[in-house]
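Dropping run-v6.cif in here (mmCIF, C-alpha atoms):
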```
data_coords
loop_
_atom_site.group_PDB
_atom_site.id
_atom_site.type_symbol
_atom_site.label_atom_id
_atom_site.label_comp_id
_atom_site.auth_asym_id
_atom_site.auth_seq_id
_atom_site.Cartn_x
_atom_site.Cartn_y
_atom_site.Cartn_z
ATOM 1 C CA MET A 21 9.722 -9.286 28.343
ATOM 2 C CA HIS A 22 10.162 -12.461 30.336
ATOM 3 C CA ASN A 23 13.764 -12.854 29.175
ATOM 4 C CA ALA A 24 14.566 -9.337 30.360
ATOM 5 C CA TYR A 25 13.315 -10.205 33.830
ATOM 6 C CA PHE A 26 15.280 -13.457 33.939
ATOM 7 C CA ASP A 27 18.505 -11.711 32.824
ATOM 8 C CA ARG A 28 18.224 -9.239 35.690
ATOM 9 C CA ALA A 29 17.295 -12.005 38.117
ATOM 10 C CA HIS A 30 20.881 -13.330 38.155
ATOM 11 C CA GLY A 31 21.808 -10.492 40.474
ATOM 12 C CA LEU A 32 18.809 -10.927 42.772
ATOM 13 C CA SER A 33 18.119 -13.177 45.705
ATOM 14 C CA ARG A 34 16.010 -16.281 45.152
ATOM 15 C CA ARG A 35 13.172 -14.416 46.817
ATOM 16 C CA GLY A 36 13.561 -11.511 44.365
ATOM 17 C CA ILE A 37 13.618 -13.924 41.452
ATOM 18 C CA ALA A 38 10.361 -15.525 42.467
ATOM 19 C CA ILE A 39 8.631 -12.181 42.947
ATOM 20 C CA ALA A 40 9.858 -10.966 39.540
ATOM 21 C CA ILE A 41 8.470 -14.132 37.916
ATOM 22 C CA VAL A 42 5.018 -13.590 39.349
ATOM 23 C CA ALA A 43 4.967 -9.914 38.393
ATOM 24 C CA THR A 44 6.018 -10.759 34.849
ATOM 25 C CA VAL A 45 3.486 -13.508 34.241
ATOM 26 C CA GLY A 46 0.743 -11.248 35.476
ATOM 27 C CA LEU A 47 1.306 -8.793 32.614
ATOM 28 C CA PRO A 48 -0.931 -9.058 29.529
ATOM 29 C CA MET A 49 0.355 -10.686 26.303
ATOM 30 C CA GLN A 50 0.071 -8.439 23.216
ATOM 31 C CA VAL A 51 -0.828 -9.498 19.609
ATOM 32 C CA ALA A 52 -0.070 -7.481 17.245
ATOM 33 C CA SER A 53 -7.556 3.208 -6.105
ATOM 34 C CA ALA A 54 -4.000 2.697 -6.765
ATOM 35 C CA GLN A 55 -3.464 5.593 -8.860
ATOM 36 C CA LEU A 56 -2.860 5.112 -12.503
ATOM 37 C CA GLY A 57 0.761 5.163 -13.595
ATOM 38 C CA GLY A 58 0.319 8.086 -15.954
ATOM 39 C CA LEU A 59 2.530 6.339 -18.473
ATOM 40 C CA VAL A 60 0.142 6.889 -21.363
ATOM 41 C CA LYS A 61 0.268 10.349 -22.934
ATOM 42 C CA LYS A 62 -2.829 12.370 -22.085
ATOM 43 C CA ALA A 63 -4.647 14.217 -24.861
ATOM 44 C CA ARG A 64 -3.681 17.838 -25.100
ATOM 45 C CA ASP A 65 -6.673 20.200 -25.081
ATOM 46 C CA LYS A 66 -6.833 23.940 -25.598
ATOM 47 C CA VAL A 67 -3.175 24.277 -26.483
ATOM 48 C CA VAL A 68 -2.188 27.621 -27.941
ATOM 49 C CA GLU A 69 0.907 28.480 -29.879
ATOM 50 C CA ASN A 70 2.551 30.471 -27.067
ATOM 51 C CA GLN A 71 2.183 27.564 -24.650
ATOM 52 C CA VAL A 72 3.768 25.184 -27.140
ATOM 53 C CA GLU A 73 6.720 27.501 -27.689
ATOM 54 C CA LYS A 74 7.299 27.963 -23.965
ATOM 55 C CA GLN A 75 7.119 24.206 -23.485
ATOM 56 C CA ILE A 76 9.731 23.660 -26.183
ATOM 57 C CA ASP A 77 12.031 26.253 -24.598
ATOM 58 C CA LYS A 78 11.761 24.479 -21.261
ATOM 59 C CA ARG A 79 12.435 21.051 -22.716
ATOM 60 C CA THR A 80 15.417 22.019 -24.858
ATOM 61 C CA GLY A 81 16.959 24.522 -22.478
ATOM 62 C CA SER A 82 17.219 26.966 -25.392
ATOM 63 C CA ALA A 83 15.364 29.984 -24.025
ATOM 64 C CA SER A 84 18.453 32.168 -24.330
ATOM 65 C CA ASN A 85 19.052 31.019 -27.908
ATOM 66 C CA PRO A 86 15.834 29.459 -29.240
ATOM 67 C CA GLY A 87 17.289 28.193 -32.458
ATOM 68 C CA ALA A 88 20.278 26.410 -30.953
ATOM 69 C CA PRO A 89 20.313 22.590 -30.872
ATOM 70 C CA PRO A 90 20.902 20.928 -27.497
ATOM 71 C CA LYS A 91 24.253 19.638 -26.373
ATOM 72 C CA PHE A 92 24.207 15.914 -27.028
ATOM 73 C CA ASP A 93 25.346 13.599 -24.242
ATOM 74 C CA ASP A 94 24.560 10.175 -22.739
ATOM 75 C CA VAL A 95 20.945 11.195 -22.148
ATOM 76 C CA THR A 96 20.118 13.659 -24.918
ATOM 77 C CA VAL A 97 21.113 11.740 -28.037
ATOM 78 C CA GLU A 98 20.876 13.052 -31.578
ATOM 79 C CA LEU A 99 17.590 12.141 -33.263
ATOM 80 C CA THR A 100 18.913 10.344 -36.299
ATOM 81 C CA SER A 101 16.733 8.418 -38.754
ATOM 82 C CA GLU A 102 17.775 5.173 -37.087
ATOM 83 C CA ARG A 103 16.938 6.400 -33.600
ATOM 84 C CA LEU A 104 13.621 7.841 -34.720
ATOM 85 C CA ALA A 105 12.783 4.487 -36.282
ATOM 86 C CA GLY A 106 13.553 2.909 -32.892
ATOM 87 C CA VAL A 107 11.292 5.393 -31.091
ATOM 88 C CA ILE A 108 8.494 4.680 -33.561
ATOM 89 C CA ARG A 109 9.049 0.934 -33.174
ATOM 90 C CA GLY A 110 8.956 1.207 -29.383
ATOM 91 C CA LEU A 111 5.844 3.387 -29.278
ATOM 92 C CA THR A 112 4.095 1.104 -31.751
ATOM 93 C CA ALA A 113 4.896 -1.977 -29.665
ATOM 94 C CA GLY A 114 3.711 -0.243 -26.497
ATOM 95 C CA ARG A 115 0.481 0.854 -28.116
ATOM 96 C CA THR A 116 -0.122 -2.669 -29.392
ATOM 97 C CA LEU A 117 -0.094 -3.897 -25.805
ATOM 98 C CA LEU A 118 -2.444 -1.118 -24.715
ATOM 99 C CA ASP A 119 -4.796 -1.991 -27.564
ATOM 100 C CA GLY A 120 -4.932 -5.626 -26.407
ATOM 101 C CA ALA A 121 -2.408 -8.172 -27.628
ATOM 102 C CA ASN A 122 -2.806 -11.957 -27.840
ATOM 103 C CA GLY A 123 -6.438 -11.824 -26.818
ATOM 104 C CA SER A 124 -5.781 -9.775 -23.676
ATOM 105 C CA PRO A 125 -8.255 -6.980 -22.866
ATOM 106 C CA SER A 126 -7.186 -3.535 -24.019
ATOM 107 C CA ARG A 127 -6.600 -0.632 -21.699
ATOM 108 C CA ALA A 128 -9.792 0.997 -22.980
ATOM 109 C CA THR A 129 -11.748 -2.161 -22.140
ATOM 110 C CA LEU A 130 -10.293 -2.323 -18.637
ATOM 111 C CA VAL A 131 -11.039 1.352 -18.046
ATOM 112 C CA ALA A 132 -14.633 0.882 -19.242
ATOM 113 C CA ARG A 133 -15.115 -2.092 -16.919
ATOM 114 C CA ARG A 134 -13.586 -0.233 -14.009
ATOM 115 C CA ASP A 135 -15.717 2.834 -14.570
ATOM 116 C CA GLU A 136 -18.847 0.719 -14.946
ATOM 117 C CA ALA A 137 -18.222 -1.010 -11.598
ATOM 118 C CA ALA A 138 -17.543 2.331 -9.900
ATOM 119 C CA GLN A 139 -20.690 3.875 -11.394
ATOM 120 C CA LYS A 140 -22.850 0.935 -10.273
ATOM 121 C CA SER A 141 -21.451 1.218 -6.762
ATOM 122 C CA GLY A 142 -22.120 4.955 -6.730
ATOM 123 C CA ALA A 143 -25.661 4.456 -7.981
ATOM 124 C CA LEU A 144 -26.405 1.874 -5.273
ATOM 125 C CA SER A 145 -25.025 4.246 -2.661
ATOM 126 C CA SER A 146 -27.287 7.087 -3.837
ATOM 127 C CA GLU A 147 -30.370 4.877 -4.105
ATOM 128 C CA ASN A 148 -29.909 3.398 -0.610
ATOM 129 C CA GLU A 149 -28.509 6.406 1.224
ATOM 130 C CA LYS A 150 -30.974 6.309 4.148
ATOM 131 C CA LEU A 151 -30.647 2.530 4.627
ATOM 132 C CA ILE A 152 -26.844 2.718 4.631
ATOM 133 C CA GLU A 153 -26.787 5.702 6.992
ATOM 134 C CA ALA A 154 -29.108 3.938 9.456
ATOM 135 C CA TYR A 155 -26.974 0.798 9.386
ATOM 136 C CA ARG A 156 -23.745 2.728 9.975
ATOM 137 C CA GLU A 157 -25.270 4.612 12.903
ATOM 138 C CA LYS A 158 -26.427 1.357 14.546
ATOM 139 C CA TYR A 159 -23.033 -0.195 13.856
ATOM 140 C CA SER A 160 -21.237 2.757 15.479
ATOM 141 C CA GLN A 161 -23.504 2.624 18.531
ATOM 142 C CA ASN A 162 -22.862 -1.098 18.935
ATOM 143 C CA GLU A 163 -19.091 -0.612 18.576
ATOM 144 C CA ARG A 164 -19.073 2.118 21.231
ATOM 145 C CA CYS A 165 -21.065 -0.122 23.575
ATOM 146 C CA ARG A 166 -18.741 -3.074 22.978
ATOM 147 C CA ASP A 167 -15.608 -0.991 23.476
ATOM 148 C CA ASP A 168 -16.919 0.252 26.817
ATOM 149 C CA ALA A 169 -17.966 -3.237 27.958
ATOM 150 C CA MET A 170 -14.643 -4.782 26.957
ATOM 151 C CA ARG A 171 -12.677 -2.047 28.718
ATOM 152 C CA LYS A 172 -14.615 -2.578 31.946
ATOM 153 C CA SER A 173 -14.135 -6.348 31.701
ATOM 154 C CA SER A 174 -10.416 -5.937 31.074
ATOM 155 C CA ASP A 175 -10.020 -3.529 34.015
ATOM 156 C CA LYS A 176 -11.787 -6.009 36.262
ATOM 157 C CA ARG A 177 -9.564 -8.882 35.141
ATOM 158 C CA GLN A 178 -6.396 -6.841 35.577
ATOM 159 C CA ALA A 179 -7.436 -5.819 39.078
ATOM 160 C CA ALA A 180 -8.041 -9.471 39.970
ATOM 161 C CA ALA A 181 -4.688 -10.446 38.469
ATOM 162 C CA GLY A 182 -2.945 -7.734 40.484
ATOM 163 C CA GLN A 183 -4.547 -8.985 43.670
ATOM 164 C CA ARG A 184 -3.553 -12.569 42.877
ATOM 165 C CA ASN A 185 0.042 -11.504 42.187
ATOM 166 C CA ALA A 186 0.200 -9.679 45.503
ATOM 167 C CA GLU A 187 -1.026 -12.805 47.318
ATOM 168 C CA LEU A 188 1.548 -15.010 45.592
ATOM 169 C CA GLN A 189 4.360 -12.578 46.332
ATOM 170 C CA ALA A 190 3.353 -12.548 49.992
ATOM 171 C CA LYS A 191 3.378 -16.356 50.006
ATOM 172 C CA MET A 192 6.875 -16.415 48.535
ATOM 173 C CA MET A 193 8.066 -14.106 51.282
ATOM 174 C CA SER A 194 6.825 -16.503 53.953
ATOM 175 C CA ASP A 195 7.093 -19.948 52.298
ATOM 176 C CA PRO A 196 10.636 -20.974 51.209
ATOM 177 C CA ALA A 197 9.388 -24.204 49.625
ATOM 178 C CA PHE A 198 6.899 -22.320 47.458
ATOM 179 C CA ARG A 199 9.590 -19.782 46.599
ATOM 180 C CA ASP A 200 11.947 -22.537 45.399
ATOM 181 C CA LYS A 201 9.148 -24.029 43.320
ATOM 182 C CA ALA A 202 8.447 -20.618 41.754
ATOM 183 C CA VAL A 203 12.108 -20.174 40.847
ATOM 184 C CA ALA A 204 12.255 -23.601 39.184
ATOM 185 C CA LEU A 205 9.015 -22.988 37.298
ATOM 186 C CA GLY A 206 10.246 -19.534 36.318
ATOM 187 C CA GLN A 207 13.332 -20.965 34.675
ATOM 188 C CA LYS A 208 11.173 -23.355 32.643
ATOM 189 C CA MET A 209 8.868 -20.482 31.706
ATOM 190 C CA GLY A 210 11.827 -18.495 30.458
ATOM 191 C CA GLU A 211 12.828 -21.394 28.213
ATOM 192 C CA ALA A 212 9.249 -21.722 26.922
ATOM 193 C CA GLN A 213 9.128 -17.987 26.251
ATOM 194 C CA ALA A 214 12.401 -18.170 24.284
ATOM 195 C CA ARG A 215 10.939 -20.985 22.167
ATOM 196 C CA GLY A 216 7.714 -19.090 21.621
ATOM 197 C CA ASP A 217 5.823 -22.009 23.163
ATOM 198 C CA THR A 218 2.667 -20.284 24.411
ATOM 199 C CA ALA A 219 0.938 -23.527 25.371
ATOM 200 C CA ALA A 220 3.809 -24.592 27.637
ATOM 201 C CA LEU A 221 3.971 -21.073 29.098
ATOM 202 C CA ARG A 222 0.292 -21.174 30.041
ATOM 203 C CA LYS A 223 0.620 -24.651 31.534
ATOM 204 C CA LEU A 224 3.572 -23.627 33.722
ATOM 205 C CA ALA A 225 1.805 -20.440 34.808
ATOM 206 C CA ALA A 226 -1.249 -22.475 35.837
ATOM 207 C CA GLU A 227 1.007 -24.821 37.820
ATOM 208 C CA MET A 228 2.258 -21.801 39.725
ATOM 209 C CA GLY A 229 -1.318 -20.682 40.354
ATOM 210 C CA LEU A 230 -1.422 -17.925 37.743
ATOM 211 C CA THR A 231 -3.630 -17.377 34.715
ATOM 212 C CA MET A 232 -2.151 -15.863 31.556
ATOM 213 C CA ASP A 233 -4.016 -12.849 30.219
ATOM 214 C CA ASP A 234 -6.871 -13.932 27.932
ATOM 215 C CA PRO A 235 -9.141 -11.328 26.280
ATOM 216 C CA LYS A 236 -11.864 -13.863 25.446
ATOM 217 C CA PRO A 237 -13.901 -13.003 28.604
ATOM 218 C CA ASP A 238 -13.947 -9.378 27.433
ATOM 219 C CA THR A 239 -15.543 -10.397 24.142
ATOM 220 C CA LEU A 240 -18.128 -12.504 25.958
ATOM 221 C CA ALA A 241 -18.906 -9.589 28.268
ATOM 222 C CA ALA A 242 -19.438 -7.332 25.254
ATOM 223 C CA ASP A 243 -21.719 -9.895 23.619
ATOM 224 C CA LYS A 244 -23.797 -10.090 26.789
ATOM 225 C CA ALA A 245 -24.033 -6.341 27.341
ATOM 226 C CA CYS A 246 -24.453 -5.144 23.752
ATOM 227 C CA GLY A 247 -25.292 -8.100 21.558
ATOM 228 C CA ARG A 248 -23.842 -8.663 18.142
ATOM 229 C CA GLY A 249 -23.570 -5.833 15.655
ATOM 230 C CA PRO A 250 -26.389 -5.196 13.153
ATOM 231 C CA ALA A 251 -26.466 -7.380 10.050
ATOM 232 C CA LYS A 252 -24.838 -5.766 7.036
ATOM 233 C CA PRO A 253 -27.413 -4.858 4.356
ATOM 234 C CA ALA A 254 -27.125 -6.866 1.156
ATOM 235 C CA VAL A 255 -26.677 -3.667 -0.835
ATOM 236 C CA LEU A 256 -23.528 -2.810 1.127
ATOM 237 C CA ALA A 257 -22.044 -6.223 0.418
ATOM 238 C CA GLN A 258 -22.849 -5.673 -3.263
ATOM 239 C CA MET A 259 -21.168 -2.264 -3.200
ATOM 240 C CA GLU A 260 -18.080 -3.712 -1.566
ATOM 241 C CA GLN A 261 -17.846 -6.338 -4.308
ATOM 242 C CA LEU A 262 -18.125 -3.660 -6.978
ATOM 243 C CA ASP A 263 -15.506 -1.501 -5.250
ATOM 244 C CA ALA A 264 -13.151 -4.469 -5.005
ATOM 245 C CA GLN A 265 -13.727 -5.180 -8.692
ATOM 246 C CA ALA A 266 -12.944 -1.564 -9.596
ATOM 247 C CA GLN A 267 -9.784 -1.641 -7.485
ATOM 248 C CA LYS A 268 -8.652 -4.874 -9.141
ATOM 249 C CA LEU A 269 -9.224 -3.406 -12.604
ATOM 250 C CA THR A 270 -7.306 -0.271 -11.627
ATOM 251 C CA GLU A 271 -4.363 -2.470 -10.673
ATOM 252 C CA GLU A 272 -4.619 -4.361 -13.979
ATOM 253 C CA ILE A 273 -4.568 -1.039 -15.848
ATOM 254 C CA ARG A 274 -1.470 0.050 -13.926
ATOM 255 C CA GLN A 275 0.313 -3.209 -14.687
ATOM 256 C CA LEU A 276 -0.610 -2.976 -18.375
ATOM 257 C CA GLU A 277 0.699 0.591 -18.575
ATOM 258 C CA GLU A 278 3.944 -0.412 -16.883
ATOM 259 C CA LYS A 279 4.356 -3.333 -19.276
ATOM 260 C CA SER A 280 3.646 -1.061 -22.226
ATOM 261 C CA ALA A 281 6.205 1.508 -21.039
ATOM 262 C CA ALA A 282 8.855 -1.168 -20.509
ATOM 263 C CA THR A 283 8.152 -2.563 -23.987
ATOM 264 C CA GLU A 284 8.512 0.879 -25.558
ATOM 265 C CA ILE A 285 11.979 1.258 -24.078
ATOM 266 C CA LYS A 286 13.086 -2.269 -24.913
ATOM 267 C CA GLU A 287 11.965 -2.109 -28.551
ATOM 268 C CA SER A 288 13.418 1.368 -29.107
ATOM 269 C CA GLY A 289 17.006 0.217 -28.727
ATOM 270 C CA LEU A 290 17.706 3.102 -26.317
ATOM 271 C CA ASP A 291 18.178 2.989 -22.589
ATOM 272 C CA GLU A 292 15.407 4.334 -20.374
ATOM 273 C CA ARG A 293 16.681 7.893 -19.928
ATOM 274 C CA GLN A 294 17.606 8.230 -23.584
ATOM 275 C CA PHE A 295 14.199 6.982 -24.698
ATOM 276 C CA LEU A 296 12.257 9.264 -22.350
ATOM 277 C CA MET A 297 14.263 12.293 -23.459
ATOM 278 C CA ALA A 298 13.948 11.354 -27.143
ATOM 279 C CA ARG A 299 10.187 10.898 -26.799
ATOM 280 C CA GLU A 300 9.863 14.218 -25.026
ATOM 281 C CA ARG A 301 11.768 16.016 -27.791
ATOM 282 C CA VAL A 302 9.728 14.255 -30.474
ATOM 283 C CA GLU A 303 6.529 15.351 -28.698
ATOM 284 C CA ALA A 304 7.831 18.930 -28.711
ATOM 285 C CA TYR A 305 8.507 18.694 -32.443
ATOM 286 C CA VAL A 306 5.090 17.205 -33.252
ATOM 287 C CA SER A 307 3.341 19.851 -31.105
ATOM 288 C CA ALA A 308 5.218 22.674 -32.807
ATOM 289 C CA VAL A 309 4.354 21.391 -36.273
ATOM 290 C CA LYS A 310 0.728 20.795 -35.315
ATOM 291 C CA TYR A 311 0.284 24.388 -34.215
ATOM 292 C CA LYS A 312 2.319 25.782 -37.086
ATOM 293 C CA SER A 313 5.168 26.905 -34.883
ATOM 294 C CA GLN A 314 8.818 26.729 -35.814
ATOM 295 C CA PRO A 315 10.404 23.666 -34.131
ATOM 296 C CA ARG A 316 13.265 24.908 -31.991
ATOM 297 C CA GLY A 317 16.099 23.236 -30.151
ATOM 298 C CA PHE A 318 16.948 20.801 -32.960
ATOM 299 C CA SER A 319 19.952 20.508 -35.214
ATOM 300 C CA ALA A 320 19.520 20.806 -38.976
ATOM 301 C CA ALA A 321 20.146 17.057 -39.366
ATOM 302 C CA GLU A 322 17.531 16.295 -36.712
ATOM 303 C CA LEU A 323 14.942 18.509 -38.405
ATOM 304 C CA GLU A 324 15.555 16.696 -41.665
ATOM 305 C CA ALA A 325 15.172 13.282 -40.024
ATOM 306 C CA LEU A 326 12.087 14.398 -38.107
ATOM 307 C CA GLY A 327 10.519 15.817 -41.238
ATOM 308 C CA ALA A 328 11.061 12.557 -43.101
ATOM 309 C CA GLN A 329 9.359 10.602 -40.297
ATOM 310 C CA ARG A 330 6.703 13.224 -39.495
ATOM 311 C CA ALA A 331 3.691 11.201 -40.651
ATOM 312 C CA ASN A 332 4.796 8.088 -38.753
ATOM 313 C CA LEU A 333 5.590 10.085 -35.635
ATOM 314 C CA GLU A 334 2.179 11.749 -35.648
ATOM 315 C CA LYS A 335 0.524 8.325 -35.786
ATOM 316 C CA VAL A 336 2.261 6.981 -32.678
ATOM 317 C CA MET A 337 2.430 10.108 -30.502
#
```

Written form, structure tokens:
Amino acid sequence: MHNAYFDRAHGLSRRGIAIAIVATVGLPMQVASAQLGGLVKKARDKVVENQVEKQIDKRTGSASNPGAPPKFDDVTVELTSERLAGVIRGLTAGRTLLDGANGSPSRATLVARRDEAAQKSGALSSENEKLIEAYREKYSQNERCRDDAMRKSSDKRQAAAGQRNAELQAKMMSDPAFRDKAVALGQKMGEAQARGDTAALRKLAAEMGLTMDDPKPDTLAADKACGRGPAKPAVLAQMEQLDAQAQKLTEEIRQLEEKSAATEIKESGLDERQFLMARERVEAYVSAVKYKSQPRGFSAAELEALGAQRANLEKVM
């Protein structure tokens, strides 16, 4: 903001420059449960044969001709024995990570810990509902009081600063020596502002007879009028620790799932899109067989390869 004033000051008289400096300095200074990745296949409950068949039609795009195999391309690759072995290898490697590899906690362990922390926090909340509600009401009342006190203090300071600016501007109009001093100090203040040197800026402003905006008096006024906020109950601090623990575990679960998914793709020998499509088609095949439905949308060679690997596929899906 100061630089903008100084840039415009080149076209002003020395008197205008000095007045702009005072007006500028008088302005206040401003300071400026992750969701789970869903990468692990959820258990399928209450699946009926019609739902499975509709799902297969959607996945293979074969609703108009249910028995037709898909058109193979860079994404939908033929499920050969070699590729199915890669899918099985990838899913096995991913599951190994989820089950806890090299002494690391398994996904199930992390989920159990997370749920335990969340349940403890919930139990504490229920058991101490009245205590927590009373604290929050007192806290809100204190915050409202402090906000009001700080606003009044700030308004009072700004009014005083405006009055002081008006007096200095009047002095510049009538005192050429003071005006020249203000211009010289203003140039130095502009340089300090460009450097981000707040200490130098405050010192130069004081030399001119100004005080940079400081909100500390507002805080002191609020302390005097309202006092400090109520002490946080120990149970709330305990709940916050448990919530933080649950959030941390949720993040660890997400990272483990992402690592597992990346490992599946890497070990499969397929690229990401190919692997995801292959896995989806394998899931459709396994679902169809499970519910005694005719697998559709596969070539004869694919059905033969899938049948040969059926037991292994059912273990990893």

(Q) What would the selection look like, as a PyMOL selection string, if the PyMOL selection byres ((chain A and resi 319) around 9) were run on the coordinates I just shared? (A) chain A and resi 87-90+98-99+316-318+320-324

For the selection just defined, write its residues with C-alpha atoms to a file, as a PDB file, keeping the file's coordinate frame.
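Saved file part_17.pdb follows:
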```
ATOM      1  CA  GLY A  87      17.289  28.193 -32.458  1.00  0.00           C
ATOM      2  CA  ALA A  88      20.278  26.410 -30.953  1.00  0.00           C
ATOM      3  CA  PRO A  89      20.313  22.590 -30.872  1.00  0.00           C
ATOM      4  CA  PRO A  90      20.902  20.928 -27.497  1.00  0.00           C
ATOM      5  CA  GLU A  98      20.876  13.052 -31.578  1.00  0.00           C
ATOM      6  CA  LEU A  99      17.590  12.141 -33.263  1.00  0.00           C
ATOM      7  CA  ARG A 316      13.265  24.908 -31.991  1.00  0.00           C
ATOM      8  CA  GLY A 317      16.099  23.236 -30.151  1.00  0.00           C
ATOM      9  CA  PHE A 318      16.948  20.801 -32.960  1.00  0.00           C
ATOM     10  CA  ALA A 320      19.520  20.806 -38.976  1.00  0.00           C
ATOM     11  CA  ALA A 321      20.146  17.057 -39.366  1.00  0.00           C
ATOM     12  CA  GLU A 322      17.531  16.295 -36.712  1.00  0.00           C
ATOM     13  CA  LEU A 323      14.942  18.509 -38.405  1.00  0.00           C
ATOM     14  CA  GLU A 324      15.555  16.696 -41.665  1.00  0.00           C
TER      15      GLU A 324
END
```

(Q) Show me, as a ChimeraX atom specification, the residues that have an atom within 8 Å of Ser173 of chain A when counting only C-alpha atoms, minus same-chain residues fewer than 3 positions from it. (A) /A:169-170,176-177,237-238,241

**Q.** Atom-to-atom span, atom CA of Leu256 of chain A and atom CA of Glu136 of chain A, Å
**A.** 17.1 Å

Q. Do you have the atom CA of Arg127 of chain A-atom CA of Arg293 of chain A distance handy?
A.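 Between atom CA of Arg127 of chain A and atom CA of Arg293 of chain A the gap works out to 24.9 Å.
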
Q: Provide the atom CA of Gly106 of chain A to atom CA of Gly289 of chain A distance in Å, to one decimal place.
A: 6.0 Å
